[in-house]
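The structure file data-v6.cif is reproduced below (mmCIF, C-alpha atoms).
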data_model
loop_
_atom_site.label_atom_id
_atom_site.label_comp_id
_atom_site.auth_asym_id
_atom_site.auth_seq_id
_atom_site.Cartn_x
_atom_site.Cartn_y
_atom_site.Cartn_z
CA PRO P 174 61.16 18.17 32.23
CA GLU P 175 60.65 20.49 29.32
CA THR P 176 62.92 20.08 26.32
CA GLY P 177 63.83 22.60 23.67
CA PRO P 178 63.57 22.22 19.92
CA PRO P 179 65.60 19.40 18.36
CA GLY P 180 69.20 20.27 17.56
CA PRO P 181 70.68 20.34 14.06
CA SER P 182 71.56 16.63 14.22
CA ALA P 183 68.04 15.56 15.27
CA ARG P 184 66.09 14.01 12.44
CA PRO P 185 62.32 14.32 12.05
CA PRO P 186 60.31 11.12 11.63
CA GLY P 187 60.61 9.70 8.15
CA VAL P 188 58.68 7.89 5.47
CA THR P 189 59.73 5.58 2.62
CA VAL P 190 58.77 5.97 -1.01
CA ALA P 191 56.82 2.69 -0.66
CA GLU P 192 54.68 4.29 2.07
CA LEU P 193 54.15 7.40 -0.07
CA VAL P 194 53.00 5.19 -2.96
CA ARG P 195 50.60 3.29 -0.66
CA THR P 196 49.04 6.54 0.59
CA GLY P 197 48.70 8.04 -2.90
CA ALA P 198 51.15 10.89 -2.27
CA VAL P 199 53.37 9.51 -5.07
CA GLU P 200 52.79 7.45 -8.22
CA LEU P 201 55.64 5.12 -9.21
CA HIS P 202 56.26 4.14 -12.86
CA SER P 203 59.04 2.17 -14.57
CA GLY P 204 60.39 3.14 -17.96
CA GLY P 205 61.53 1.27 -21.00
CA GLY P 206 58.36 0.18 -22.77
CA GLY P 207 56.19 1.46 -25.53
CA ALA P 208 56.36 2.61 -29.10
CA GLY P 209 55.68 5.92 -30.79
CA SER P 210 57.24 9.17 -31.89
CA ALA P 211 58.02 10.87 -28.56
CA PRO P 212 61.70 11.50 -27.78
CA VAL P 213 63.03 9.28 -24.99
CA LEU P 214 64.59 10.54 -21.76
CA THR P 215 67.48 8.12 -21.33
CA GLU P 216 69.52 7.19 -18.30
CA HIS P 217 72.46 9.11 -19.82
CA ASP P 218 70.26 12.20 -20.25
CA VAL P 219 69.27 12.10 -16.58
CA LEU P 220 72.87 11.65 -15.42
CA THR P 221 74.21 14.48 -17.60
CA GLY P 222 71.24 16.85 -17.32
CA GLN P 223 70.76 16.92 -21.09
CA ALA P 224 67.62 16.98 -23.23
CA PRO P 225 65.92 13.71 -24.21
CA SER P 226 68.11 12.00 -26.82
CA GLY P 227 66.61 8.55 -27.35
CA ALA P 228 63.98 7.28 -29.76
CA LEU P 229 61.10 4.83 -29.40
CA PRO P 230 60.59 1.98 -31.83
CA ALA P 231 58.08 2.79 -34.57
CA GLY P 232 54.95 0.81 -35.15
CA PRO P 233 52.27 -0.64 -32.93
CA GLY P 234 52.87 -1.13 -29.24
CA ASP P 235 51.78 -0.08 -25.82
CA PRO P 236 51.91 3.63 -25.13
CA PRO P 237 55.05 4.67 -23.25
CA VAL P 238 55.13 6.39 -19.87
CA LEU P 239 55.38 10.12 -20.67
CA VAL P 240 57.04 12.42 -18.18
CA ARG P 241 55.34 15.57 -16.89
CA ALA P 242 56.77 18.75 -15.41
CA GLY P 243 57.31 18.16 -11.69
CA ASP P 244 57.97 14.42 -12.04
CA VAL P 245 61.14 13.10 -10.40
CA VAL P 246 63.19 10.63 -12.45
CA VAL P 247 65.71 8.30 -10.81
CA PRO P 248 68.20 5.92 -12.48
CA VAL P 249 68.11 2.47 -10.88
CA LEU P 250 71.50 1.15 -12.04
CA GLY P 251 74.92 2.40 -11.01
CA SER P 252 76.38 3.72 -7.81
CA GLY P 253 75.70 7.45 -8.22
CA SER P 254 72.93 9.29 -6.43
CA THR P 255 70.92 11.18 -9.01
CA ALA P 256 67.34 12.42 -9.14
CA ARG P 257 66.11 14.85 -11.80
CA VAL P 258 63.03 17.02 -11.59
CA VAL P 259 61.40 17.17 -15.03
CA ASP P 260 61.03 20.70 -16.42
CA GLU P 261 58.65 22.06 -19.08
CA ASP P 262 61.23 21.50 -21.85
CA THR P 263 61.51 17.78 -21.03
CA ALA P 264 57.79 17.18 -20.37
CA GLY P 265 56.19 14.88 -22.93
CA ALA P 266 59.27 12.70 -23.41
CA ALA P 267 58.98 8.95 -22.93
CA LEU P 268 60.62 7.42 -19.85
CA GLY P 269 63.62 5.34 -20.88
CA ARG P 270 65.00 2.01 -19.66
CA ASN P 271 66.57 1.68 -16.22
CA LEU P 272 64.66 4.74 -14.99
CA GLN P 273 61.88 5.05 -12.48
CA LEU P 274 59.50 7.96 -12.30
CA LEU P 275 58.04 9.35 -9.09
CA ARG P 276 55.02 11.57 -9.71
CA PRO P 277 54.31 13.45 -6.46
CA ASP P 278 50.88 14.82 -5.61
CA PRO P 279 51.71 18.56 -5.50
CA ALA P 280 49.30 19.06 -2.59
CA ALA P 281 51.26 16.54 -0.51
CA LEU P 282 54.85 16.70 -1.68
CA ASP P 283 57.21 19.29 -3.19
CA PRO P 284 59.10 17.69 -6.13
CA TRP P 285 62.39 19.46 -5.37
CA PHE P 286 62.19 18.37 -1.73
CA LEU P 287 61.59 14.80 -2.90
CA ALA P 288 64.44 14.84 -5.43
CA GLY P 289 66.86 16.45 -3.01
CA PHE P 290 66.38 13.92 -0.25
CA LEU P 291 66.45 11.03 -2.72
CA ARG P 292 69.97 12.12 -3.73
CA GLY P 293 71.49 11.62 -0.29
CA THR P 294 74.43 9.20 -0.39
CA ALA P 295 73.43 7.41 2.81
CA ASN P 296 69.88 7.07 1.47
CA HIS P 297 71.14 5.42 -1.72
CA ARG P 298 73.50 3.13 0.15
CA GLN P 299 70.64 1.90 2.33
CA ALA P 300 68.28 1.33 -0.63
CA SER P 301 70.77 -0.37 -2.99
CA SER P 302 71.67 -3.98 -3.55
CA TYR P 303 75.17 -4.81 -4.71
CA THR P 304 76.66 -7.52 -6.92
CA THR P 305 80.21 -7.92 -8.08
CA THR P 306 79.48 -6.04 -11.30
CA SER P 307 76.64 -3.62 -10.60
CA THR P 308 74.49 -1.76 -8.12
CA ARG P 309 70.69 -1.72 -8.31
CA LEU P 310 68.59 0.86 -6.48
CA ASP P 311 65.24 -0.11 -4.96
CA VAL P 312 63.44 3.24 -5.20
CA ARG P 313 60.71 2.03 -2.82
CA LYS P 314 63.26 1.83 0.02
CA LEU P 315 64.43 5.43 -0.33
CA HIS P 316 63.60 7.51 2.70
CA LEU P 317 62.70 11.16 3.31
CA PRO P 318 61.62 13.14 6.35
CA ARG P 319 57.97 13.85 7.11
CA LEU P 320 57.74 17.63 7.01
CA PRO P 321 54.90 20.11 6.59
CA PRO P 322 54.53 21.80 3.16
CA ALA P 323 56.20 25.06 4.22
CA GLU P 324 59.32 23.19 5.38
CA GLN P 325 59.30 21.06 2.24
CA HIS P 326 59.24 24.20 0.07
CA ARG P 327 62.10 25.70 2.08
CA TYR P 328 64.22 22.61 1.49
CA GLY P 329 62.95 22.40 -2.09
CA GLU P 330 64.21 25.89 -2.90
CA ARG P 331 67.67 25.01 -1.56
CA PHE P 332 67.74 21.78 -3.56
CA ARG P 333 66.60 23.64 -6.70
CA ALA P 334 69.42 26.17 -6.26
CA LEU P 335 71.92 23.31 -5.87
CA ALA P 336 70.60 21.67 -9.04
CA GLU P 337 70.99 24.95 -10.97
CA PHE P 338 74.55 25.32 -9.68
CA GLU P 339 75.31 21.72 -10.65
CA ALA P 340 73.92 22.32 -14.16
CA ALA P 341 76.12 25.43 -14.52
CA LEU P 342 79.19 23.41 -13.44
CA LYS P 343 78.40 20.68 -15.98
CA LEU P 344 77.98 23.25 -18.75
CA ALA P 345 81.27 24.91 -17.80
CA GLY P 346 82.96 21.51 -17.88
CA ARG P 347 81.59 20.70 -21.36
CA LEU P 348 82.60 24.13 -22.69
CA GLY P 349 86.04 23.75 -21.12
CA GLU P 350 86.51 20.38 -22.84
CA LYS P 351 85.58 21.94 -26.19
CA LEU P 352 88.03 24.79 -25.62
CA VAL P 353 90.86 22.40 -24.77
CA GLN P 354 90.09 20.21 -27.80
CA GLY P 355 90.02 23.32 -29.99
CA MET P 356 93.46 24.27 -28.69
CA TYR P 357 94.80 20.78 -29.44
CA ASP P 358 93.30 20.93 -32.93
CA GLY P 359 94.69 24.42 -33.52
CA LEU P 360 98.18 23.38 -32.50
CA THR P 361 98.14 20.13 -34.47
CA ASP P 362 96.75 21.61 -37.71
CA GLY P 363 98.90 24.73 -37.61
CA ALA P 364 96.15 27.29 -36.94
CA ILE P 365 97.86 28.20 -33.65
CA GLU P 366 101.62 28.57 -33.36
CA ALA P 367 103.44 26.77 -30.55
#

Could you take the file, read its structure, and then write that structure out as structure tokens?
Amino acid sequence: PETGPPGPSARPPGVTVAELVRTGAVELHSGGGGAGSAPVLTEHDVLTGQAPSGALPAGPGDPPVLVRAGDVVVPVLGSGSTARVVDEDTAGAALGRNLQLLRPDPAALDPWFLAGFLRGTANHRQASSYTTTSTRLDVRKLHLPRLPPAEQHRYGERFRALAEFEAALKLAGRLGEKLVQGMYDGLTDGAIEA
């Protein structure tokens, strides 16, 4: 019997990050080492979407892992599901501690597609190990569907739009906090009447 296309709940065959690394579609790097003058992309920076804020130790040492535009950075500690695609403004920063970098081959994998699927809650739950005090993510166990480039780009554009919306919400939240604090300060120092 002939069957139609898979329904919305059908999932295409998948692949793990470990398999992508083995085939050369992705390079995997760990952060936290090196010395030099490059700013450091910290775990906090990735979680908040802010610019690199850390600093490397001065003096001799191994060169750090430097991020490039299109890299995907993932925190490995904590229970949140976060993956950040590195932009041109962040490129050149050193990769900080507790971060792993996935460098996709652009001919094989769309970075926004990769980052979007890595953020799935079920994906993180499956790839994490838990202790009483912390959660550690094994990036190699993260899973994504095997899709042709055109489909990856379609998903990638949706994930990019979600990331832009999320960044706007975070900015609005930070500005709102400043406004509220300004109101408190104005009331307490007499600049605003009650």

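Note that the spacing between CA of Gly265 in chain P and CA of Pro212 in chain P amounts to 8.1 Å.
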
Residue members of the PyMOL selection byres ((chain P and resi 334-337) around 12) in the file shown, as a VMD selection string: chain P and resid 221 to 222 255 to 259 285 to 286 288 to 289 292 327 to 333 338 to 344

In terms of the shortest atom-to-atom distance over only C-alpha atoms, which of P:Leu250, P:Leu275, P:Ala264, P:Leu317 is closest to Leu220 in chain P?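 Closest to Leu220 in chain P of all the choices is P:Leu250.
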
Determine the residue membership of the PyMOL selection byres ((chain P and resi 195-200) around 6) for the file above and supply it as a ChimeraX atom specification. /P:192-194,201,275-278,281

My list of candidates is P:Ala242, P:Leu229, P:Leu287, P:Leu348. Which is closest to Pro318 in chain P when distances are computed with all atoms listed in the file? P:Leu287

Out of P:Gly363, P:Gly206, P:Gly346, P:Pro233, which residue has the shortest atom-to-atom distance to Arg270 in chain P when counting all atoms listed in the file? P:Gly206

Closest to Gly209 in chain P among P:Gly349, P:Gly293, P:Gly227, P:Pro237, using only C-alpha atoms? P:Pro237

As a check of understanding, name the residues that the PyMOL selection byres ((chain P and resi 311-313) around 9) selects in the supplied structure, as a PDB file with C-alpha atoms, in the frame of the given file.
ATOM      1  CA  THR P 189      59.730   5.580   2.620  1.00  0.00           C
ATOM      2  CA  VAL P 190      58.770   5.970  -1.010  1.00  0.00           C
ATOM      3  CA  ALA P 191      56.820   2.690  -0.660  1.00  0.00           C
ATOM      4  CA  GLU P 192      54.680   4.290   2.070  1.00  0.00           C
ATOM      5  CA  LEU P 193      54.150   7.400  -0.070  1.00  0.00           C
ATOM      6  CA  VAL P 194      53.000   5.190  -2.960  1.00  0.00           C
ATOM      7  CA  LEU P 201      55.640   5.120  -9.210  1.00  0.00           C
ATOM      8  CA  VAL P 247      65.710   8.300 -10.810  1.00  0.00           C
ATOM      9  CA  VAL P 249      68.110   2.470 -10.880  1.00  0.00           C
ATOM     10  CA  GLN P 273      61.880   5.050 -12.480  1.00  0.00           C
ATOM     11  CA  LEU P 291      66.450  11.030  -2.720  1.00  0.00           C
ATOM     12  CA  HIS P 297      71.140   5.420  -1.720  1.00  0.00           C
ATOM     13  CA  ALA P 300      68.280   1.330  -0.630  1.00  0.00           C
ATOM     14  CA  SER P 301      70.770  -0.370  -2.990  1.00  0.00           C
ATOM     15  CA  SER P 302      71.670  -3.980  -3.550  1.00  0.00           C
ATOM     16  CA  ARG P 309      70.690  -1.720  -8.310  1.00  0.00           C
ATOM     17  CA  LEU P 310      68.590   0.860  -6.480  1.00  0.00           C
ATOM     18  CA  LYS P 314      63.260   1.830   0.020  1.00  0.00           C
ATOM     19  CA  LEU P 315      64.430   5.430  -0.330  1.00  0.00           C
ATOM     20  CA  HIS P 316      63.600   7.510   2.700  1.00  0.00           C
TER      21      HIS P 316
END

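Here CA of Phe290 in chain P stands at a distance of 11.2 Å from CA of Arg319 in chain P.
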
Give me, please, the distance in Å between CA of Val246 in chain P and CA of Gln299 in chain P, quoted to one decimal.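 Rounded to one decimal, the two atoms are 18.7 Å apart.
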
Is there a way to get, as a PyMOL selection string, all residues within 10 Å of the point (60.5, 5.9, -39.5) in file coordinates, counting all atoms listed in the file? chain P and resi 209-210+230-232
